[in-house]
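Everything on this sheet refers to the single structure shown next.
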Amino acid sequence: MSAVLDHPREIEPVFDLELEVAGKEIEQPEDRGSYTVHSTLEELPGHAVILDSRTTGGELGKLLTAQPDLPGVILLEEGKLIGVISQSHYYKCVSRAFGREIFQGRSATLMLEETKDLPLVLSADCGIQHAVEECLSRPTHLVYEPFVVHQKKTNTYRICSFQVLLLASSQIAALRNDQMAQILNSMTDGLLVIDNDFRIGHEYSQAAAHIFERNDLDRFSLLEILAPLVDATLHGQIADYLKVLFNPKLIDKLIKTINPAKQITARFILPEEHTKYFTLNFERVRSQGEISQVLVQVEDITQQRNLAKELEKQEAAAEEKLQLILQILRVDPPVLREFIQQFRDGLAALDRLLQAESSDHLHAWINDLFRTVHTLKGESALLQLPLYERPLHKLEDGLAALRSQAEIKVEDLALISPAVESLRQLDDNMSSALAHLDQLSPRSAAPAGEKAAPERHGPLMLAIRMQEDLSKRLGKPVTFHTAVRDEDLPADYRDAISELLLHLVRNAMVHGIELPAVRASRGKNTTGTIQFAIKPHPNFHEVIFQDDGAGLNYEKIRQRATQLGQTLTTPEEMHEAIFSPGFSTAENITELAGRGVGLDAIRHTILQRGGSIHVYSEEGAYCAFQILLPLAAAKAEGGT
Amino acid sequence: MKLLIVDDSLIVRSVIERNAGHVAIEESFQADNGVTALQLYNEHLPELVTMDLTMPHLDGLACLREIQAMGHAPSILVISALNSHQTAMEAVANGACGFLVKPFTGPELAEAIDQLVQHAQTR
């Protein structure tokens, strides 16, 4: 007959003490991992050792001695639990004087009368952690006593040892710690906790360590960690704010607005200098009216920031390209080509300057480049290329600042380096814009000889616009007389004439045409005139350009020549001289003229192609240029 | 509970009043400068105050100082175009318990007022 029953309803008196312990044998708690944080007492090993009131003390003693691991037995009376006799209670009873004799033959229930304490009975669905709390809240002398688990579904009882419960609980705690560590290691958020001394708690996420680039965060306060990374002002502000965070009188949500650490620029020095951007978000943890700790969420926003910046840069470049295309479409191709060439020459000169190794001659050099940049700026304004004008203007300012220094050191050149860089970027964008245009251009695709549509932005239109612009800027009203239309320009001289025309207009406007007051004093009409004509001849084109301005000032030309170490006597020599490189008599070198380069190049082209260029002038009255250009056939016959 | 709204802008004051529809608020008063604010405060001893910082005649910080000196410690929400860290810290030191930075939206304001009421109720 079994002494131990699984089911209270089947309880039978137990007299035979060769007992088997039915139900679960004493199970050593299984390997770690068998419990989860949701485990209940149902999973806790226990013993369904149940006796009824007829069991004698002697029989109980034999049982307990045979099974020293048995925490105790459950006593039922008519299916109802009447008590628990634990190992310790049994020994307490029998170790009294005559204890063994008293209890030996009598019902074990007698032992229950020795104590007024009721056994702790917990439901099987009670969580392990909660069970520990229940056990621990028993009177001190009962804390280590076993307890009973009641399975309501089957109305069965088991007796469980407190030690086994504690083991289970510690496993669960370890599991929780593991989980927490796993969470902290795998979470992408930087998370740490600070106490009211701002010291960082032991548990922090791996991402936080990663962001701050150190694995010893818990040895420091947050302020100590931030000190080498952020500037002193911000550090002071964060320190103030941390104090505010631990002020319990303030409203959690309504102090976030004054968080100074929403975007921090942090400079790291090791292993090499680099900058990170991150934000710190704070959540206050309240406990008994005080702020016990503050959760700090650290987020590295460097990538987002850089991405946003890169995107901005790309958008700006795309926009610039588009603007460039729109702007250059208005400019006549040869003029644009010349401008771009000059711009690139200037850029190359600037690059050479930036690579200067000694400060010798820097002053003269910069003076030179200032003039170049100034001219380029003027031309870009004239050609309505604001994308060039703006950065050139910036660079001009930089060069002007350098120029005004008494002494220029090589290091000072760093001042203009960003401006030069932006010009370089612009030139890159221009190259790619031109490449796009080349692909699209119907001009390059159209079969040769096809009649081109009337041009809205041809060389003549451009020359006239330039004249109008200069008129306004210089305050010199001028009438431009011409019957020539863009389509009349001889195709094989189109570029040369176009460039020549721009030069001549610029010269005429700056040097030739006088201010209205001067003209009036000379008895001339206050409005000047410029004439431009192309006359066809059997073997050549004759191009005539004339202004009714001051004419060539032979005296000034002579003086200038003397400065340059030349002696000029005849008008022919002087006409020759004005085409030579570096020759300019403009009193003020303005952005509009006085460059002294370019005209010689055009002349060179004309001469090379068998043409000639002649100047006629009367001081105070006019200046005229006559250019003779051989027709293609004539040139071939001439066989230069 | 009583609410005192201090702001030199009539528009801001009426927006605040409109959004301060919390059931717990039974009565509200408006002041367009610090001096009037102190008079109204003395008279009604409101539990809730919204305070602008830049105002004519006695600015917000001075006003906060005076209110704090009276010792009733109301729940004070600073509603201001806050641009200096120093000012915020001084406001905290003088009894402000939260900040709403101008410009704000209606829902933000309503949420802030709710928080302020809760704060006053739980102290």
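Quick note on naming: the chains in the structure tokens go A, B, ... in the order shown, residues restart at 1 in each chain, and ligands are numbered from 1 in order of appearance.
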**Report entry** Contact residues around Val373 in chain A with only C-alpha atoms at 10 Å, ignoring same-chain residues under 5 positions, as an MDAnalysis selection string
**Finding:** chainID A and resid 342:343 346:347 350 367:368 378:379 389 392:397 399 591
Selection file, N, CA, C and O atoms, as a PDB file, in the first residue's frame:
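That gives us selection.pdb:
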```
ATOM      1  N   GLN A 342      39.960  82.379 -70.061  1.00  0.00           N
ATOM      2  CA  GLN A 342      40.592  83.357 -69.167  1.00  0.00           C
ATOM      3  C   GLN A 342      40.396  82.962 -67.712  1.00  0.00           C
ATOM      4  O   GLN A 342      41.303  83.080 -66.889  1.00  0.00           O
ATOM      5  N   PHE A 343      39.194  82.500 -67.435  1.00  0.00           N
ATOM      6  CA  PHE A 343      38.882  82.080 -66.070  1.00  0.00           C
ATOM      7  C   PHE A 343      39.824  80.950 -65.650  1.00  0.00           C
ATOM      8  O   PHE A 343      40.377  80.950 -64.553  1.00  0.00           O
ATOM      9  N   GLY A 346      43.222  82.157 -65.040  1.00  0.00           N
ATOM     10  CA  GLY A 346      43.250  82.821 -63.730  1.00  0.00           C
ATOM     11  C   GLY A 346      43.307  81.799 -62.607  1.00  0.00           C
ATOM     12  O   GLY A 346      44.077  81.934 -61.651  1.00  0.00           O
ATOM     13  N   LEU A 347      42.510  80.750 -62.751  1.00  0.00           N
ATOM     14  CA  LEU A 347      42.447  79.705 -61.728  1.00  0.00           C
ATOM     15  C   LEU A 347      43.808  79.017 -61.585  1.00  0.00           C
ATOM     16  O   LEU A 347      44.286  78.767 -60.474  1.00  0.00           O
ATOM     17  N   LEU A 350      46.056  81.217 -59.732  1.00  0.00           N
ATOM     18  CA  LEU A 350      45.720  81.198 -58.309  1.00  0.00           C
ATOM     19  C   LEU A 350      46.276  79.935 -57.649  1.00  0.00           C
ATOM     20  O   LEU A 350      46.787  79.972 -56.528  1.00  0.00           O
ATOM     21  N   ASN A 367      48.919  91.471 -56.176  1.00  0.00           N
ATOM     22  CA  ASN A 367      48.442  92.636 -56.915  1.00  0.00           C
ATOM     23  C   ASN A 367      48.006  92.249 -58.314  1.00  0.00           C
ATOM     24  O   ASN A 367      46.924  92.625 -58.779  1.00  0.00           O
ATOM     25  N   ASP A 368      48.858  91.477 -58.952  1.00  0.00           N
ATOM     26  CA  ASP A 368      48.589  91.002 -60.296  1.00  0.00           C
ATOM     27  C   ASP A 368      47.296  90.200 -60.357  1.00  0.00           C
ATOM     28  O   ASP A 368      46.426  90.437 -61.194  1.00  0.00           O
ATOM     29  N   GLY A 378      34.349  91.583 -63.519  1.00  0.00           N
ATOM     30  CA  GLY A 378      33.669  92.548 -64.373  1.00  0.00           C
ATOM     31  C   GLY A 378      33.081  91.880 -65.593  1.00  0.00           C
ATOM     32  O   GLY A 378      31.927  92.114 -65.967  1.00  0.00           O
ATOM     33  N   GLU A 379      33.869  90.982 -66.173  1.00  0.00           N
ATOM     34  CA  GLU A 379      33.384  90.305 -67.376  1.00  0.00           C
ATOM     35  C   GLU A 379      32.211  89.392 -67.063  1.00  0.00           C
ATOM     36  O   GLU A 379      31.258  89.299 -67.838  1.00  0.00           O
ATOM     37  N   GLU A 389      30.221  85.631 -60.944  1.00  0.00           N
ATOM     38  CA  GLU A 389      30.467  86.943 -60.360  1.00  0.00           C
ATOM     39  C   GLU A 389      30.587  86.872 -58.840  1.00  0.00           C
ATOM     40  O   GLU A 389      31.504  87.439 -58.257  1.00  0.00           O
ATOM     41  N   LEU A 392      33.798  85.183 -57.490  1.00  0.00           N
ATOM     42  CA  LEU A 392      34.934  86.025 -57.875  1.00  0.00           C
ATOM     43  C   LEU A 392      34.984  87.261 -56.988  1.00  0.00           C
ATOM     44  O   LEU A 392      36.049  87.712 -56.578  1.00  0.00           O
ATOM     45  N   HIS A 393      33.802  87.774 -56.694  1.00  0.00           N
ATOM     46  CA  HIS A 393      33.730  88.941 -55.826  1.00  0.00           C
ATOM     47  C   HIS A 393      34.294  88.615 -54.441  1.00  0.00           C
ATOM     48  O   HIS A 393      35.057  89.377 -53.870  1.00  0.00           O
ATOM     49  N   LYS A 394      33.931  87.448 -53.945  1.00  0.00           N
ATOM     50  CA  LYS A 394      34.421  87.008 -52.644  1.00  0.00           C
ATOM     51  C   LYS A 394      35.948  86.915 -52.655  1.00  0.00           C
ATOM     52  O   LYS A 394      36.634  87.370 -51.747  1.00  0.00           O
ATOM     53  N   LEU A 395      36.444  86.296 -53.717  1.00  0.00           N
ATOM     54  CA  LEU A 395      37.887  86.113 -53.833  1.00  0.00           C
ATOM     55  C   LEU A 395      38.576  87.468 -53.946  1.00  0.00           C
ATOM     56  O   LEU A 395      39.632  87.696 -53.338  1.00  0.00           O
ATOM     57  N   GLU A 396      37.943  88.362 -54.667  1.00  0.00           N
ATOM     58  CA  GLU A 396      38.515  89.697 -54.822  1.00  0.00           C
ATOM     59  C   GLU A 396      38.649  90.357 -53.454  1.00  0.00           C
ATOM     60  O   GLU A 396      39.682  90.954 -53.138  1.00  0.00           O
ATOM     61  N   ASP A 397      37.600  90.224 -52.635  1.00  0.00           N
ATOM     62  CA  ASP A 397      37.660  90.781 -51.283  1.00  0.00           C
ATOM     63  C   ASP A 397      38.823  90.195 -50.508  1.00  0.00           C
ATOM     64  O   ASP A 397      39.550  90.900 -49.809  1.00  0.00           O
ATOM     65  N   LEU A 399      41.562  88.839 -51.671  1.00  0.00           N
ATOM     66  CA  LEU A 399      42.836  89.327 -52.205  1.00  0.00           C
ATOM     67  C   LEU A 399      43.077  90.770 -51.773  1.00  0.00           C
ATOM     68  O   LEU A 399      44.205  91.155 -51.450  1.00  0.00           O
ATOM     69  N   GLU A 591      37.523  97.450 -63.983  1.00  0.00           N
ATOM     70  CA  GLU A 591      37.133  96.091 -64.330  1.00  0.00           C
ATOM     71  C   GLU A 591      36.741  96.004 -65.799  1.00  0.00           C
ATOM     72  O   GLU A 591      36.618  94.944 -66.358  1.00  0.00           O
TER      73      GLU A 591
END
```
**Message:** Please identify the strand (DSSP E or B) residues within chain B (assignment by DSSP from backbone atoms) and present them as a ChimeraX atom specification.
**Reply:** /B:2-6,27-31,48-51,75-80,96-101
Same residues, N, CA, C and O atoms, saved as a compact mmCIF listing (two decimals), in the first residue's frame:
```
# COMPACT_ATOMS: atom_id res chain seq x y z
N LYS B 2 -7.11 78.65 -10.15
CA LYS B 2 -7.08 79.92 -10.87
C LYS B 2 -5.80 80.03 -11.68
O LYS B 2 -4.75 79.54 -11.26
N LEU B 3 -5.93 80.64 -12.84
CA LEU B 3 -4.77 80.77 -13.74
C LEU B 3 -4.52 82.24 -14.04
O LEU B 3 -5.45 82.98 -14.38
N LEU B 4 -3.27 82.66 -13.88
CA LEU B 4 -2.89 84.02 -14.25
C LEU B 4 -2.03 83.95 -15.51
O LEU B 4 -1.01 83.25 -15.54
N ILE B 5 -2.48 84.63 -16.56
CA ILE B 5 -1.75 84.63 -17.83
C ILE B 5 -1.02 85.96 -17.97
O ILE B 5 -1.65 87.02 -17.99
N VAL B 6 0.32 85.91 -18.02
CA VAL B 6 1.09 87.15 -18.14
C VAL B 6 1.83 87.16 -19.47
O VAL B 6 2.68 86.30 -19.72
N GLU B 27 -11.10 79.79 -13.24
CA GLU B 27 -11.09 81.22 -13.47
C GLU B 27 -9.72 81.61 -14.00
O GLU B 27 -8.71 81.03 -13.59
N SER B 28 -9.67 82.59 -14.93
CA SER B 28 -8.34 83.03 -15.36
C SER B 28 -8.28 84.54 -15.46
O SER B 28 -9.29 85.21 -15.69
N PHE B 29 -7.09 85.05 -15.26
CA PHE B 29 -6.86 86.50 -15.29
C PHE B 29 -5.74 86.78 -16.26
O PHE B 29 -4.86 85.95 -16.47
N GLN B 30 -5.74 88.00 -16.82
CA GLN B 30 -4.69 88.34 -17.79
C GLN B 30 -3.98 89.62 -17.39
O GLN B 30 -4.62 90.58 -16.96
N ALA B 31 -2.67 89.61 -17.56
CA ALA B 31 -1.89 90.82 -17.31
C ALA B 31 -0.96 91.05 -18.48
O ALA B 31 -0.39 90.10 -19.01
N LEU B 48 -1.87 78.66 -10.68
CA LEU B 48 -1.17 78.47 -11.95
C LEU B 48 -0.82 79.82 -12.56
O LEU B 48 -1.63 80.74 -12.53
N VAL B 49 0.40 79.89 -13.11
CA VAL B 49 0.80 81.13 -13.78
C VAL B 49 1.51 80.78 -15.08
O VAL B 49 2.34 79.87 -15.10
N THR B 50 1.15 81.46 -16.17
CA THR B 50 2.02 81.37 -17.36
C THR B 50 2.69 82.73 -17.49
O THR B 50 2.05 83.76 -17.36
N MET B 51 4.01 82.71 -17.71
CA MET B 51 4.78 83.95 -17.63
C MET B 51 5.63 84.17 -18.87
O MET B 51 6.43 83.31 -19.25
N SER B 75 2.43 76.97 -9.45
CA SER B 75 3.08 76.26 -10.55
C SER B 75 3.21 77.24 -11.71
O SER B 75 2.21 77.71 -12.24
N ILE B 76 4.45 77.51 -12.08
CA ILE B 76 4.67 78.55 -13.09
C ILE B 76 5.26 77.97 -14.37
O ILE B 76 6.27 77.27 -14.34
N LEU B 77 4.58 78.27 -15.47
CA LEU B 77 5.07 77.86 -16.79
C LEU B 77 5.60 79.09 -17.50
O LEU B 77 4.87 80.06 -17.68
N VAL B 78 6.87 79.05 -17.87
CA VAL B 78 7.43 80.17 -18.63
C VAL B 78 7.12 79.95 -20.11
O VAL B 78 7.46 78.91 -20.66
N ILE B 79 6.42 80.90 -20.71
CA ILE B 79 6.13 80.81 -22.14
C ILE B 79 6.84 81.98 -22.79
O ILE B 79 6.45 83.13 -22.62
N SER B 80 7.92 81.70 -23.47
CA SER B 80 8.75 82.80 -23.95
C SER B 80 9.55 82.37 -25.16
O SER B 80 9.77 81.19 -25.39
N ALA B 96 10.27 79.00 -11.71
CA ALA B 96 9.62 78.44 -12.89
C ALA B 96 9.71 76.92 -12.83
O ALA B 96 10.72 76.38 -12.39
N CYS B 97 8.64 76.22 -13.21
CA CYS B 97 8.78 74.77 -13.16
C CYS B 97 8.64 74.12 -14.52
O CYS B 97 8.61 72.91 -14.65
N GLY B 98 8.58 74.92 -15.59
CA GLY B 98 8.56 74.35 -16.93
C GLY B 98 8.66 75.45 -17.96
O GLY B 98 8.47 76.63 -17.64
N PHE B 99 8.98 75.02 -19.17
CA PHE B 99 9.16 76.00 -20.24
C PHE B 99 8.42 75.57 -21.49
O PHE B 99 8.42 74.39 -21.86
N LEU B 100 7.81 76.54 -22.13
CA LEU B 100 7.25 76.31 -23.46
C LEU B 100 7.87 77.40 -24.32
O LEU B 100 7.80 78.57 -23.98
N VAL B 101 8.54 76.97 -25.38
CA VAL B 101 9.27 77.96 -26.17
C VAL B 101 8.43 78.44 -27.34
O VAL B 101 7.83 77.65 -28.06
```
Write down, as a tab-separated table (two decimals) with N, CA and C atoms, in the first residue's frame, each residue of chain B that has any atom within 12 Å of an atom of chain A, counting only C-alpha atoms.
```tsv
chain	number	residue	atom	x	y	z
B	73	ALA	N	4.37	79.79	-3.77
B	73	ALA	CA	4.90	78.80	-4.72
B	73	ALA	C	3.86	78.24	-5.67
B	74	PRO	N	3.31	79.07	-6.56
B	74	PRO	CA	2.38	78.54	-7.57
B	74	PRO	C	3.16	77.73	-8.61
B	75	SER	N	2.43	76.97	-9.45
B	75	SER	CA	3.08	76.26	-10.55
B	75	SER	C	3.21	77.24	-11.71
B	76	ILE	N	4.45	77.51	-12.08
B	76	ILE	CA	4.67	78.55	-13.09
B	76	ILE	C	5.26	77.97	-14.37
B	77	LEU	N	4.58	78.27	-15.47
B	77	LEU	CA	5.07	77.86	-16.79
B	77	LEU	C	5.60	79.09	-17.50
B	78	VAL	N	6.87	79.05	-17.87
B	78	VAL	CA	7.43	80.17	-18.63
B	78	VAL	C	7.12	79.95	-20.11
B	79	ILE	N	6.42	80.90	-20.71
B	79	ILE	CA	6.13	80.81	-22.14
B	79	ILE	C	6.84	81.98	-22.79
B	80	SER	N	7.92	81.70	-23.47
B	80	SER	CA	8.75	82.80	-23.95
B	80	SER	C	9.55	82.37	-25.16
B	81	ALA	N	10.00	83.36	-25.94
B	81	ALA	CA	10.91	83.05	-27.05
B	81	ALA	C	12.30	82.97	-26.46
B	82	LEU	N	12.47	81.92	-25.68
B	82	LEU	CA	13.68	81.77	-24.88
B	82	LEU	C	14.89	81.60	-25.79
B	83	ASN	N	15.87	82.49	-25.65
B	83	ASN	CA	17.05	82.26	-26.47
B	83	ASN	C	18.35	82.26	-25.69
B	84	SER	N	18.23	82.41	-24.38
B	84	SER	CA	19.47	82.36	-23.61
B	84	SER	C	19.38	81.31	-22.52
B	85	HIS	N	20.43	80.52	-22.45
B	85	HIS	CA	20.53	79.49	-21.44
B	85	HIS	C	20.47	80.13	-20.05
B	86	GLN	N	21.16	81.27	-19.91
B	86	GLN	CA	21.25	81.95	-18.63
B	86	GLN	C	19.87	82.34	-18.11
B	87	THR	N	19.06	82.89	-19.01
B	87	THR	CA	17.71	83.31	-18.62
B	87	THR	C	16.91	82.11	-18.11
B	88	ALA	N	17.01	80.99	-18.83
B	88	ALA	CA	16.28	79.79	-18.43
B	88	ALA	C	16.70	79.38	-17.02
B	89	MET	N	18.02	79.39	-16.77
B	89	MET	CA	18.50	78.97	-15.45
B	89	MET	C	18.00	79.91	-14.36
B	90	GLU	N	17.99	81.22	-14.67
B	90	GLU	CA	17.50	82.19	-13.68
B	90	GLU	C	16.02	81.99	-13.41
B	91	ALA	N	15.28	81.66	-14.48
B	91	ALA	CA	13.85	81.43	-14.31
B	91	ALA	C	13.62	80.23	-13.39
B	92	VAL	N	14.41	79.16	-13.58
B	92	VAL	CA	14.29	77.98	-12.71
B	92	VAL	C	14.61	78.37	-11.27
B	93	ALA	N	15.68	79.15	-11.12
B	93	ALA	CA	16.08	79.56	-9.78
B	93	ALA	C	15.01	80.41	-9.12
B	94	ASN	N	14.16	81.05	-9.94
B	94	ASN	CA	13.13	81.92	-9.38
B	94	ASN	C	11.73	81.32	-9.45
B	95	GLY	N	11.68	80.01	-9.48
B	95	GLY	CA	10.41	79.34	-9.28
B	95	GLY	C	9.69	78.82	-10.52
B	96	ALA	N	10.27	79.00	-11.71
B	96	ALA	CA	9.62	78.44	-12.89
B	96	ALA	C	9.71	76.92	-12.83
B	97	CYS	N	8.64	76.22	-13.21
B	97	CYS	CA	8.78	74.77	-13.16
B	97	CYS	C	8.64	74.12	-14.52
B	98	GLY	N	8.58	74.92	-15.59
B	98	GLY	CA	8.56	74.35	-16.93
B	98	GLY	C	8.66	75.45	-17.96
B	99	PHE	N	8.98	75.02	-19.17
B	99	PHE	CA	9.16	76.00	-20.24
B	99	PHE	C	8.42	75.57	-21.49
B	100	LEU	N	7.81	76.54	-22.13
B	100	LEU	CA	7.25	76.31	-23.46
B	100	LEU	C	7.87	77.40	-24.32
B	101	VAL	N	8.54	76.97	-25.38
B	101	VAL	CA	9.27	77.96	-26.17
B	101	VAL	C	8.43	78.44	-27.34
B	102	LYS	N	8.32	79.76	-27.46
B	102	LYS	CA	7.61	80.36	-28.60
B	102	LYS	C	8.48	80.21	-29.84
B	103	PRO	N	7.94	79.95	-31.00
B	103	PRO	CA	6.52	79.78	-31.25
B	103	PRO	C	6.07	78.36	-30.92
B	104	PHE	N	4.82	78.23	-30.50
B	104	PHE	CA	4.32	76.91	-30.13
B	104	PHE	C	3.00	76.67	-30.86
B	108	GLU	N	0.51	71.76	-28.43
B	108	GLU	CA	1.65	71.83	-27.51
B	108	GLU	C	1.29	72.62	-26.27
B	109	LEU	N	0.59	73.71	-26.51
B	109	LEU	CA	0.19	74.58	-25.41
B	109	LEU	C	-0.79	73.86	-24.48
B	111	GLU	N	-1.20	70.69	-24.04
B	111	GLU	CA	-0.46	69.65	-23.33
B	111	GLU	C	0.32	70.26	-22.16
B	112	ALA	N	0.96	71.39	-22.43
B	112	ALA	CA	1.76	72.04	-21.38
B	112	ALA	C	0.89	72.49	-20.22
B	113	ILE	N	-0.30	73.04	-20.56
B	113	ILE	CA	-1.21	73.49	-19.50
B	113	ILE	C	-1.68	72.29	-18.66
B	114	ASP	N	-1.98	71.17	-19.34
B	114	ASP	CA	-2.39	69.95	-18.63
B	114	ASP	C	-1.30	69.53	-17.64
B	115	GLN	N	-0.07	69.55	-18.13
B	115	GLN	CA	1.06	69.17	-17.27
B	115	GLN	C	1.15	70.11	-16.06
B	116	LEU	N	0.90	71.38	-16.34
B	116	LEU	CA	1.00	72.38	-15.27
B	116	LEU	C	-0.08	72.13	-14.22
B	117	VAL	N	-1.29	71.82	-14.69
B	117	VAL	CA	-2.40	71.56	-13.76
B	117	VAL	C	-2.07	70.33	-12.91
B	118	GLN	N	-1.58	69.28	-13.58
B	118	GLN	CA	-1.20	68.05	-12.85
B	118	GLN	C	-0.17	68.35	-11.78
B	119	HIS	N	0.79	69.18	-12.18
B	119	HIS	CA	1.86	69.56	-11.26
B	119	HIS	C	1.28	70.25	-10.03
B	120	ALA	N	0.34	71.17	-10.26
B	120	ALA	CA	-0.26	71.91	-9.15
B	120	ALA	C	-1.11	70.99	-8.28
B	122	THR	N	-0.65	67.73	-7.74
B	122	THR	CA	0.07	66.69	-7.01
B	122	THR	C	1.04	67.24	-5.97
B	123	ARG	N	1.06	68.56	-5.84
B	123	ARG	CA	2.03	69.06	-4.85
B	123	ARG	C	1.41	69.26	-3.49
```
(request) Can you work out which one of A:Leu628, A:Leu470, A:Ala348, A:Ala496 has the shortest atom-to-atom distance to Leu423 in chain A, counting only C-alpha atoms? (result)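 Of A:Leu628, A:Leu470, A:Ala348, A:Ala496, the one nearest Leu423 in chain A, counting only C-alpha atoms, is A:Ala348.
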request  = For Gly105 in chain A, please output as a count of residues only all residues within 12 Å (counting only C-alpha atoms; exclusion window: fewer than 5 positions along the same chain).
outcome  = 13
| task | From chain B, collect each residue whose DSSP state is alpha helix (DSSP H) and return the set as a VMD selection string. | result | chain B and resid 10 to 19 34 to 44 60 to 70 85 to 93 106 to 121
request  = Please identify all polymer residues within 8 Å of range 292-297 of chain A, counting only C-alpha atoms, omitting same-chain residues fewer than 5 positions from it, and present them as a PyMOL selection string.
outcome  = chain A and resi 189-196+245-246+280-287
For the selection just defined, write its residues with C-alpha atoms to a file, as a compact mmCIF listing (two decimals), in the first residue's frame.
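Below is the file result18.txt, written as the result:
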```txt
# COMPACT_ATOMS: atom_id res chain seq x y z
CA ASP A 189 20.60 53.43 -28.72
CA GLY A 190 23.23 54.67 -26.39
CA LEU A 191 21.72 54.29 -22.98
CA LEU A 192 23.12 55.05 -19.58
CA VAL A 193 21.91 56.06 -16.18
CA ILE A 194 23.26 58.82 -13.97
CA ASP A 195 22.75 59.38 -10.27
CA ASN A 196 22.40 62.73 -8.58
CA LEU A 245 17.05 67.58 -14.06
CA PHE A 246 17.47 66.53 -10.46
CA LEU A 280 21.50 63.67 -25.35
CA ASN A 281 17.92 63.02 -24.26
CA PHE A 282 17.10 62.79 -20.60
CA GLU A 283 14.30 60.93 -18.80
CA ARG A 284 13.88 61.47 -15.11
CA VAL A 285 13.14 58.53 -12.81
CA ARG A 286 11.19 59.50 -9.74
CA SER A 287 11.22 57.62 -6.51
```
TODO: For Ile264 in chain A, work out the shell of residues within 9 Å, counting only C-alpha atoms and skipping chain neighbours fewer than 6 positions away, then give it as number ranges by chain.
DONE: A: 230, 234, 276-280
Write the residues of the preceding selection, restricted to N, CA and C atoms, as a CSV table (one decimal), in the first residue's frame.
```
chain,number,residue,atom,x,y,z
A,230,VAL,N,33.5,68.6,-25.5
A,230,VAL,CA,32.7,69.8,-25.9
A,230,VAL,C,33.3,71.1,-25.4
A,234,LEU,N,29.3,75.2,-23.5
A,234,LEU,CA,28.3,74.1,-23.6
A,234,LEU,C,28.4,73.2,-22.4
A,276,LYS,N,32.2,64.3,-34.0
A,276,LYS,CA,30.9,63.6,-34.0
A,276,LYS,C,29.8,64.6,-33.6
A,277,TYR,N,28.6,64.3,-34.0
A,277,TYR,CA,27.5,65.0,-33.6
A,277,TYR,C,26.6,64.1,-32.9
A,278,PHE,N,26.2,64.4,-31.6
A,278,PHE,CA,25.2,63.6,-31.0
A,278,PHE,C,24.2,64.4,-30.2
A,279,THR,N,23.1,63.7,-29.9
A,279,THR,CA,22.1,64.4,-29.0
A,279,THR,C,22.0,63.6,-27.7
A,280,LEU,N,21.8,64.3,-26.6
A,280,LEU,CA,21.5,63.7,-25.3
A,280,LEU,C,20.0,64.0,-25.0
```
Applying 8 Å and only C-alpha atoms, which residues near Leu515 in chain A remain after dropping the ones on its own chain fewer than 6 positions away? List them as JSON, numbers by chain.
{"A": [475, 476, 526]}
Would you mind exporting C-alpha atoms of the selected residues as an mmCIF file, in the first residue's frame?
```
data_model
loop_
_atom_site.group_PDB
_atom_site.id
_atom_site.type_symbol
_atom_site.label_atom_id
_atom_site.label_comp_id
_atom_site.auth_asym_id
_atom_site.auth_seq_id
_atom_site.Cartn_x
_atom_site.Cartn_y
_atom_site.Cartn_z
ATOM 1 C CA GLY A 475 27.368 107.258 -67.619
ATOM 2 C CA LYS A 476 28.173 107.626 -71.316
ATOM 3 C CA THR A 526 26.579 114.589 -75.670
#
```
Worksheet item: Which neighbours of His150 in chain A fall inside 9 Å, counting only C-alpha atoms, when residues of the same chain fewer than 3 positions from it are skipped, and could you give them as a list in words?
Response: Val121, Leu122, Ser123, Ala124, Asp125, Lys153, Thr154, Asn155, Thr156, Tyr157, Arg158 and Ile159 of chain A
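For the pair CA of Val484 in chain A and CA of Gln546 in chain A, the interatomic distance is 14.1 Å.
Straight-line separation from CA of Asp117 in chain A to CA of Lys62 in chain A: 24.0 Å.
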Check your understanding: Nearest to His481 in chain A among A:Asp427, A:Asp548, A:Asp495, A:Glu113, with distances taken over only C-alpha atoms: which residue is it?
Key ->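 Answer, going by the shortest atom-to-atom distance: A:Asp548.
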* Asked: Hey, can you check how far CA of Asn553 in chain A sits from CA of Phe339 in chain A?
  ->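 Straight-line distance from CA of Asn553 in chain A to CA of Phe339 in chain A works out to 28.8 Å.
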